[in-house]
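Below is one structure, written out as structure tokens; the observations come after it.
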Amino acid sequence: MSHQIRRGVSLYSFQNDTFLRHMTLEDCVRTCAEIGALGIEVVGEQSFTGWPEVGMPTAEVARWHALMERYGTTPVCHDFMLDYKRVKGQVMPFAEQVASVKKDIDFGAALGMRFIRSLVSVAPEVLVACAGYAEDKGITILLEVHAPLHFDHPWIIRHAEAYEQSGSQALGFLPDMGMFVHRFPRVWKERFVRNGVPRHIADYIEQAYQDRVLSEYVLLDVQQMGGTGPAIAMAETLRHNAAFEPKRMLDFMHRIHNIHGKFYEMTEDDVEYSIPYDEIVAVLKQGGYQGYICSEYEGNRWIEDAHPVQSVEQVKRQHRMLCRLLDEPIPAALQA
Amino acid sequence: MSHQIRRGVSLYSFQNDTFLRHMTLEDCVRTCAEIGALGIEVVGEQSFTGWPEVGMPTAEVARWHALMERYGTTPVCHDFMLDYKRVKGQVMPFAEQVASVKKDIDFGAALGMRFIRSLVSVAPEVLVACAGYAEDKGITILLEVHAPLHFDHPWIIRHAEAYEQSGSQALGFLPDMGMFVHRFPRVWKERFVRNGVPRHIADYIEQAYQDRVLSEYVLLDVQQMGGTGPAIAMAETLRHNAAFEPKRMLDFMHRIHNIHGKFYEMTEDDVEYSIPYDEIVAVLKQGGYQGYICSEYEGNRWIEDAHPVQSVEQVKRQHRMLCRLLDEPIPAALQA
Amino acid sequence: MLCDDGFENVVEGGHTTGFALLARLPYYRGLGLSMVEDIAVSIDGQAVPREAVRLALRGRSWSLDEMEHCFDEKWNFGEKARVVIARPGGLAPGQHQVDLAIRYRVSYLPFVPTTRTGRPLSLAA
Amino acid sequence: MLCDDGFENVVEGGHTTGFALLARLPYYRGLGLSMVEDIAVSIDGQAVPREAVRLALRGRSWSLDEMEHCFDEKWNFGEKARVVIARPGGLAPGQHQVDLAIRYRVSYLPFVPTTRTGRPLSLAA
Ligand SMILES: [Mn+2]
Ligand SMILES: [Mn+2]
């Protein structure tokens with residue numbers, strides 16, 4: 001089945017390496033280009049300095065364009081934050097939120113992005129108020145649909161209705177595949193065990209997740225098993241994640257313009273341990289999705305206490321998987 | 001649009017009156033017959049004595065059939081409980097759960113019911129194991145889909161998949177309209193205020209519900225507003241209820257055979273204050289639903305501390321509304 | 001839950017062996033006795049020891065611990081049960097503050113509910 | 001979060017006015033200083049008073065209270081900031097147990113996270 005789905009990477013995936021200054025921005029872009037992941041997504045306040053508080057990092061923006069040029073990569077999305085609690089004890093007034101988003105539209109445009117990503121807790125009215133401005137700058141604002149939210153949650157329905165009513169095509173969605181965790185991630189479970197969760201309780205929670213048991217029941221059971229602290233925290237993850245269905249994206253596909261390829265652990269045989277990417281890609285093909293799947297490796301925080309974080313290797317494994325699922329030849333840099 | 005939706009009542013609606021012995025079983029059945037609600041649903045362990053612990057209440061079953069005969073009403077559904085924690089500190093073994101459900105199939109059949117209602121926490125394997133037995137007895141087992149669960153929750157998806165795989169038509173769903181609370185119920189808010197929630201916090205929670213805000217955010221805000229005890233309990237209701245979409249029933253309509261017309265408050269102008277019944281009935285018509293909508297009044301527990309409970313008047317108001325939505329003439333007993 | 005009627009001393013063979021009150025299970029259906037975990041009574045602010053409490057239904061009665069293993073009887077919906085408290089000499093006539101808390105195990109609830117109530121009741125002379 | 005390097009006494013005009021350490025914000029992006037609510041330091045189990053703590057970045061520095069009103073600067077992603085603690089005479093050379101807890105306000109989180117770390121560090125002679 002032909003499709004127009006392209007591979008990309010959010011540099012968020014290399015956060016462990018860039019945080020410790022083991023990789024520079026250029027290292028990240030080069031790595032992506034080598035593995036044929038030509039779409040580059042960034043968390044603006046991670047990959048650039050001073051934005052937005054100090055202002056536009058003009059020199060860094062110029063360097064960014066030079067890197068895109070040198071490695072033939074394409075800017076895809078600037079993930080912005082909108083700190084509406086910037087002032088302690090206050091919620092940023094509506095007009096200031098709109099002004100803040102417009103600044104991030106400017107920054108996205110300056111970076112040559114097609115999209116900027118809004119976090120899910122932003123009110124729809126704020127984004128609708130920015131739609132015209134975004135259109136003028138060639139930017140589409142994408143609300144990230146992220147666990148515990150999902151496409152049938154009233155908050156997302158409210159956003160979808162507001163976008164349709166606005167009549168603007170500069171508003172859309174960016175689903176994070178962390179919504180579709182179909183098995184309790186192995187790296188989560190082992191971290192919780194290292195944190196002190198008794199093995200039998202950890203096994204119980206993993207099985208309850210597999211059985212799709214309602215989180216409230218699991219919490220009661222774990223308490224009755226004598227679970228405390230870390231065990232309760234592990235059970236609480238079931239309030240946050242649930243194995244929702246990838247096909248629920250189909251009703252919203254006309255508004256989906258970018259995908260966060262969230263993943264926690266790619267195994268040796270290039271399979272994501274808990275997220276069904278075969279099902280996900282099949283749905284994206286079926287829905288005629290046109291855009292990038294940008295890797296978002298988030299396993300680092302779960303293993304950094306005990307294992308060396310190998311972000312690049314993990315991203316490579318995911319892209320070998322994506323080549324397979326997208327019927328693409330495996331580039332040399334990805335040959336095992 | 002012609003349809004085959006009929007009106008019924010779960011005698012659960014009169015629990016306040018039957019608990020206090022102000023109404024007998026016959027009073028309930030007569031009241032339903034008078035208002036043209038000919039489908040009668042019961043919580044077996046509410047409307048009959050001794051079941052299941054003491055055994056089949058044969059005399060009461062005979063009287064039940066006499067009442068159906070006298071008032072021309074139709075037995076619809078026996079809501080059974082399956083107390084899998086019957087023995088303290090243990091979960092009832094699988095085989096015993098299956099045996100217990102089969103006893104309730106017998107009781108439902110003895111009462112002339114078409115359906116028996118399983119609570120949502122029962123494992124699908126248990127119900128699938130009873131499907132054959134139910135078929136032989138002319139019974140269909142219906143899993144009640146009840147807030148906080150909804151048709152896109154993985155637990156319900158797991159049940160749906162198990163039913164399809166079983167190949168049996170004796171397994172289905174009974175959605176409770178409490179899934180579609182689109183406005184924070186007035187009777188809940190006033191009860192919480194009487195319980196001590198400061199008015200400004202209660203207003204905040206009501207508005208947050210209207211804005212479809214994720215429950216975790218509301219809980220944090222209420223804590224930061226100094227909310228304690230009752231205010232936290234009020235905010236916690238947002239973990240339980242959410243304004244899911246009635247149209248999500250359409251994908252499962254072929255397995256939906258009964259409806260719990262849950263309601264908390266029918267206003268003077270025969271409108272349910274927080275549940276969109278116009279939308280619900282439209283979806284049921286669109287999906288070709290054939291069966292009863294059985295009133296399930298649950299407002300009593302929210303007002304009994306301060307107001308006289310008028311279950312019959314509330315059920316009458318709901319049925320005036322249903323007549324309007326189902327294009328039925330209003331029977332004399334329902335004329336305002 | 002706590003009934004006005006039936007609050008009286010219990011006299012057996014001329015001896016006042018305790019007192020009793022009538023109560024209904026605060027739940028929308030009857031419940032097997034094995035799932036009624038506790039009936040906590042306090043009189044005038046004084047908690048009654050668990051061992052002193054018995055539940056009587058239709059001619060049979062159980063201590064709270066015996067109820068845990070009773071699988072052939074249930075406290076029916078809206079049924080007034082007699083809660084009998086052993087206390088030699090019973091209670092003085094007149095008004096007493098009666099507080100009642102019933103804890104019952106409901107399989108499908110993700111918590112074990114306890115319902116409390118209390119008010120002054122006058123002991124039948 | 002807590003760096004090995006940079007743990008040293010601060011000498012100004014011949015006087016040892018305190019000591020300093022290097023730290024990075026434990027978060028996947030930089031954060032405006034107004035949202036960094038607390039940097040709690042304790043040395044050898046002894047908590048340092050809030051007023052004694054300053055954050056220094058690229059030539060500027062703020063007390064924790066001043067940071068709350070600073071809207072024109074941010075603690076960048078992975079940026080080593082100098083945490084300066086006022087203490088006449090500074091610390092004795094050698095090993096000290098250093099514990100650090102940073103609390104920061106993140107708008108989209110339904111809680112205010114605090115990240116803690118601590119280990120023995122040796123004071124540069
Ligand atoms: Mn994401
Ligand atoms: Mn119901």
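Identifiers in the structure tokens: chain A, B, ... in order shown; residue index from 1 per chain; ligand index from 1 in order shown.
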
Next item on the list: Enumerate residues in contact with ligand 1: an atom-to-atom distance of at most 8 Å, counting only C-alpha atoms and all ligand atoms. Format the result as a PyMOL selection string.
Entry: chain A and resi 144+146+175-178+260-262+296

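If you take only C-alpha atoms and a cut-off of 8 Å, the residues of chain B that reach chain A are Leu149, Asp152, His153, Pro154, Trp155, Arg158, Asp211, Arg212, Val213, Leu214, Ala242, Ala243, Phe244 and Glu245 of chain B.
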
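A straight-line distance of 24.9 Å separates atom CA of D:Asn76 from atom CA of A:Gly8.
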
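Near stretch 41-50 of chain C, within a cut-off of 6 Å and counting only C-alpha atoms, sit the residues His96, Gln97, Val98, Asp99 and Leu100 of chain C, with same-chain residues fewer than 5 positions away left out.
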
Limited to N, CA, C and O atoms, could you put the picked residues into a file as an mmCIF file, in the first residue's frame?
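Result written to selection_1.cif:
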```
data_model
loop_
_atom_site.group_PDB
_atom_site.id
_atom_site.type_symbol
_atom_site.label_atom_id
_atom_site.label_comp_id
_atom_site.auth_asym_id
_atom_site.auth_seq_id
_atom_site.Cartn_x
_atom_site.Cartn_y
_atom_site.Cartn_z
ATOM 1 N N HIS C 96 -30.086 8.497 75.303
ATOM 2 C CA HIS C 96 -28.660 8.158 75.154
ATOM 3 C C HIS C 96 -28.229 8.551 73.738
ATOM 4 O O HIS C 96 -28.998 8.385 72.795
ATOM 5 N N GLN C 97 -26.992 9.015 73.613
ATOM 6 C CA GLN C 97 -26.442 9.271 72.276
ATOM 7 C C GLN C 97 -25.988 7.917 71.712
ATOM 8 O O GLN C 97 -25.136 7.253 72.282
ATOM 9 N N VAL C 98 -26.618 7.536 70.578
ATOM 10 C CA VAL C 98 -26.285 6.243 69.952
ATOM 11 C C VAL C 98 -25.553 6.514 68.643
ATOM 12 O O VAL C 98 -26.047 7.246 67.782
ATOM 13 N N ASP C 99 -24.356 5.965 68.509
ATOM 14 C CA ASP C 99 -23.598 6.109 67.255
ATOM 15 C C ASP C 99 -23.362 4.713 66.665
ATOM 16 O O ASP C 99 -23.029 3.779 67.390
ATOM 17 N N LEU C 100 -23.580 4.605 65.364
ATOM 18 C CA LEU C 100 -23.521 3.307 64.681
ATOM 19 C C LEU C 100 -22.673 3.456 63.417
ATOM 20 O O LEU C 100 -22.803 4.444 62.688
#
```

Give me, as JSON lines, each residue of chain C that comes within 12 Å of chain B, together with its shortest interatomic pair and the distance in Å at one decimal, counting only C-alpha atoms, with rows ordered by chain and rising residue number.
```
{"residue": "C:Met1", "atom": "CA", "partner": "B:Leu20", "partner_atom": "CA", "distance": 9.9}
{"residue": "C:Leu2", "atom": "CA", "partner": "B:Leu20", "partner_atom": "CA", "distance": 11.9}
{"residue": "C:Cys3", "atom": "CA", "partner": "B:Leu20", "partner_atom": "CA", "distance": 10.6}
{"residue": "C:Ala23", "atom": "CA", "partner": "B:Leu20", "partner_atom": "CA", "distance": 11.8}
{"residue": "C:Arg24", "atom": "CA", "partner": "B:Phe19", "partner_atom": "CA", "distance": 8.8}
{"residue": "C:Leu25", "atom": "CA", "partner": "B:Phe19", "partner_atom": "CA", "distance": 9.7}
{"residue": "C:Pro26", "atom": "CA", "partner": "B:Phe19", "partner_atom": "CA", "distance": 9.3}
{"residue": "C:Tyr27", "atom": "CA", "partner": "B:Phe19", "partner_atom": "CA", "distance": 9.2}
{"residue": "C:Tyr28", "atom": "CA", "partner": "B:Gln46", "partner_atom": "CA", "distance": 6.5}
{"residue": "C:Arg29", "atom": "CA", "partner": "B:Gln46", "partner_atom": "CA", "distance": 4.3}
{"residue": "C:Gly30", "atom": "CA", "partner": "B:Glu45", "partner_atom": "CA", "distance": 5.5}
{"residue": "C:Leu31", "atom": "CA", "partner": "B:Glu45", "partner_atom": "CA", "distance": 7.8}
{"residue": "C:Gly32", "atom": "CA", "partner": "B:Glu53", "partner_atom": "CA", "distance": 6.5}
{"residue": "C:Leu33", "atom": "CA", "partner": "B:Arg86", "partner_atom": "CA", "distance": 9.1}
{"residue": "C:Ser34", "atom": "CA", "partner": "B:Arg86", "partner_atom": "CA", "distance": 6.4}
{"residue": "C:Met35", "atom": "CA", "partner": "B:Arg86", "partner_atom": "CA", "distance": 6.0}
{"residue": "C:Val36", "atom": "CA", "partner": "B:Arg86", "partner_atom": "CA", "distance": 9.8}
{"residue": "C:Glu37", "atom": "CA", "partner": "B:Lys88", "partner_atom": "CA", "distance": 8.7}
{"residue": "C:Leu57", "atom": "CA", "partner": "B:Gly50", "partner_atom": "CA", "distance": 11.9}
{"residue": "C:Arg58", "atom": "CA", "partner": "B:Gly50", "partner_atom": "CA", "distance": 11.8}
{"residue": "C:Asp65", "atom": "CA", "partner": "B:Lys88", "partner_atom": "CA", "distance": 11.3}
{"residue": "C:Met67", "atom": "CA", "partner": "B:Lys88", "partner_atom": "CA", "distance": 10.9}
{"residue": "C:Glu68", "atom": "CA", "partner": "B:Lys88", "partner_atom": "CA", "distance": 7.2}
{"residue": "C:His69", "atom": "CA", "partner": "B:Val87", "partner_atom": "CA", "distance": 7.7}
{"residue": "C:Cys70", "atom": "CA", "partner": "B:Glu53", "partner_atom": "CA", "distance": 9.4}
{"residue": "C:Phe71", "atom": "CA", "partner": "B:Glu53", "partner_atom": "CA", "distance": 6.3}
{"residue": "C:Asp72", "atom": "CA", "partner": "B:Glu53", "partner_atom": "CA", "distance": 4.9}
{"residue": "C:Glu73", "atom": "CA", "partner": "B:Glu53", "partner_atom": "CA", "distance": 5.5}
{"residue": "C:Lys74", "atom": "CA", "partner": "B:Gly50", "partner_atom": "CA", "distance": 6.3}
{"residue": "C:Trp75", "atom": "CA", "partner": "B:Gly50", "partner_atom": "CA", "distance": 8.3}
{"residue": "C:Asn76", "atom": "CA", "partner": "B:Thr49", "partner_atom": "CA", "distance": 6.0}
{"residue": "C:Phe77", "atom": "CA", "partner": "B:Gln46", "partner_atom": "CA", "distance": 5.4}
{"residue": "C:Gly78", "atom": "CA", "partner": "B:Phe19", "partner_atom": "CA", "distance": 4.4}
{"residue": "C:Glu79", "atom": "CA", "partner": "B:Phe19", "partner_atom": "CA", "distance": 7.9}
{"residue": "C:Lys80", "atom": "CA", "partner": "B:Leu20", "partner_atom": "CA", "distance": 9.9}
{"residue": "C:Tyr104", "atom": "CA", "partner": "B:Lys88", "partner_atom": "CA", "distance": 10.7}
{"residue": "C:Arg105", "atom": "CA", "partner": "B:Lys85", "partner_atom": "CA", "distance": 7.4}
{"residue": "C:Val106", "atom": "CA", "partner": "B:Asp83", "partner_atom": "CA", "distance": 7.2}
{"residue": "C:Ser107", "atom": "CA", "partner": "B:Lys85", "partner_atom": "CA", "distance": 5.2}
{"residue": "C:Tyr108", "atom": "CA", "partner": "B:Ser121", "partner_atom": "CA", "distance": 6.0}
{"residue": "C:Leu109", "atom": "CA", "partner": "B:Ser121", "partner_atom": "CA", "distance": 8.9}
{"residue": "C:Pro110", "atom": "CA", "partner": "B:Ser121", "partner_atom": "CA", "distance": 10.0}
{"residue": "C:Val112", "atom": "CA", "partner": "B:Lys85", "partner_atom": "CA", "distance": 11.1}
{"residue": "C:Thr117", "atom": "CA", "partner": "B:Asp305", "partner_atom": "CA", "distance": 12.0}
```

Next item on the list: List the neighbours of stretch 67-69 of chain A out to 10 Å using only C-alpha atoms; skip same-chain residues closer than 4 positions along the sequence, and give me the result as a PyMOL selection string.
Entry: chain A and resi 25-27+29-30+33+38-40+61-63+73-75+111-112

Margin query: Just want the 10 Å neighbourhood of A:Arg6, counted on only C-alpha atoms, with same-chain residues fewer than 2 positions away dropped. Output as a ChimeraX atom specification.
Written below: /A:3-4,8,36-39,289-294,322-323,326,328

Check: Which of stretch 90-295 of chain A counts as helix (DSSP H, G or I) under DSSP, as an NGL selection string please?
Finding: :A and (94-110 or 124-136 or 154-166 or 177-179 or 186-194 or 199-210 or 215-224 or 229-240 or 246-255 or 277-286)

Give me, as a Markdown table, the closest atom pair and its distance (Å, one decimal) for every residue of stretch 204-304 of chain B within a cut-off of 12 Å of stretch 169-172 of chain B, counting only C-alpha atoms, rows sorted by chain and rising number.
```
| residue | atom | partner | partner_atom | distance |
| --- | --- | --- | --- | --- |
| B:Phe252 | CA | B:Gly172 | CA | 8.9 |
| B:Met253 | CA | B:Gly172 | CA | 9.4 |
| B:His254 | CA | B:Gly172 | CA | 8.4 |
| B:Arg255 | CA | B:Gly172 | CA | 4.6 |
| B:Ile256 | CA | B:Gly172 | CA | 5.8 |
| B:His257 | CA | B:Gly172 | CA | 6.9 |
| B:Asn258 | CA | B:Gly172 | CA | 9.1 |
| B:Ile259 | CA | B:Gly172 | CA | 11.5 |
```

Checklist line | Exercise: C:Asn9 partners within 6 Å, only C-alpha atoms, chain neighbours under 4 positions left out, as a list in words | finding: Gly18, Phe19 and Gly90 of chain C

Next item on the list: Any chance you could list, as a list in words, the residues in stretch 172-287 of chain A that come up strand (DSSP E) when DSSP is run on the backbone?
Entry: Gly172, Phe173, Leu174, Pro175, Asn258, Ile259, His260, Gly261, Lys262 and Phe263 of chain A

Selected residues, N, CA, C and O atoms, written as a compact mmCIF listing (two decimals), in the first residue's frame, please.
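Contents of out.txt, freshly written:
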```txt
# COMPACT_ATOMS: atom_id res chain seq x y z
N GLY A 172 -4.47 21.73 14.55
CA GLY A 172 -4.56 20.28 14.38
C GLY A 172 -4.05 19.54 15.59
O GLY A 172 -3.91 20.12 16.68
N PHE A 173 -3.78 18.23 15.40
CA PHE A 173 -3.38 17.37 16.51
C PHE A 173 -2.05 16.67 16.25
O PHE A 173 -1.67 16.44 15.09
N LEU A 174 -1.37 16.38 17.35
CA LEU A 174 -0.10 15.64 17.26
C LEU A 174 -0.20 14.50 18.28
O LEU A 174 0.11 14.69 19.46
N PRO A 175 -0.68 13.34 17.87
CA PRO A 175 -0.83 12.24 18.84
C PRO A 175 0.52 11.66 19.25
O PRO A 175 1.42 11.49 18.42
N ASN A 258 1.41 15.48 12.53
CA ASN A 258 2.71 15.00 12.97
C ASN A 258 2.45 13.92 14.04
O ASN A 258 1.38 13.89 14.65
N ILE A 259 3.42 13.01 14.20
CA ILE A 259 3.25 11.90 15.14
C ILE A 259 4.49 11.82 16.04
O ILE A 259 5.62 11.88 15.55
N HIS A 260 4.26 11.76 17.36
CA HIS A 260 5.39 11.49 18.27
C HIS A 260 5.54 9.99 18.41
O HIS A 260 4.67 9.31 18.97
N GLY A 261 6.64 9.48 17.84
CA GLY A 261 6.89 8.03 17.92
C GLY A 261 7.49 7.69 19.28
O GLY A 261 8.65 7.23 19.37
N LYS A 262 6.69 7.99 20.34
CA LYS A 262 7.15 7.67 21.70
C LYS A 262 7.54 6.21 21.79
O LYS A 262 6.85 5.34 21.28
N PHE A 263 8.69 5.96 22.49
CA PHE A 263 9.02 4.56 22.79
C PHE A 263 9.90 4.48 24.01
O PHE A 263 10.62 5.43 24.32
```

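Put simply, atom CA of B:His200 is 26.5 Å away from atom CA of B:Ala147.
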
Can you tell me which residues surround B:Leu250 at a distance of at most 8 Å, considering only C-alpha atoms, apart from same-chain residues fewer than 4 positions away, and format the answer as a PDB file with N, CA, C and O atoms, in the first residue's frame?
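Listing of result11.pdb after writing:
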```pdb
ATOM      1  N   VAL B 283     -29.017   8.952  18.988  1.00  0.00           N
ATOM      2  CA  VAL B 283     -28.000   7.940  18.658  1.00  0.00           C
ATOM      3  C   VAL B 283     -28.636   6.550  18.663  1.00  0.00           C
ATOM      4  O   VAL B 283     -28.379   5.722  17.771  1.00  0.00           O
ATOM      5  N   LEU B 284     -29.506   6.278  19.640  1.00  0.00           N
ATOM      6  CA  LEU B 284     -30.145   4.949  19.717  1.00  0.00           C
ATOM      7  C   LEU B 284     -31.014   4.720  18.474  1.00  0.00           C
ATOM      8  O   LEU B 284     -30.988   3.634  17.883  1.00  0.00           O
ATOM      9  N   GLY B 287     -28.732   4.113  15.542  1.00  0.00           N
ATOM     10  CA  GLY B 287     -28.096   2.796  15.578  1.00  0.00           C
ATOM     11  C   GLY B 287     -29.091   1.648  15.466  1.00  0.00           C
ATOM     12  O   GLY B 287     -28.711   0.481  15.489  1.00  0.00           O
TER      13      GLY B 287
END
```

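The interatomic distance for the pair atom CA of B:Asp203 and atom CA of B:Pro185 works out to 11.9 Å.
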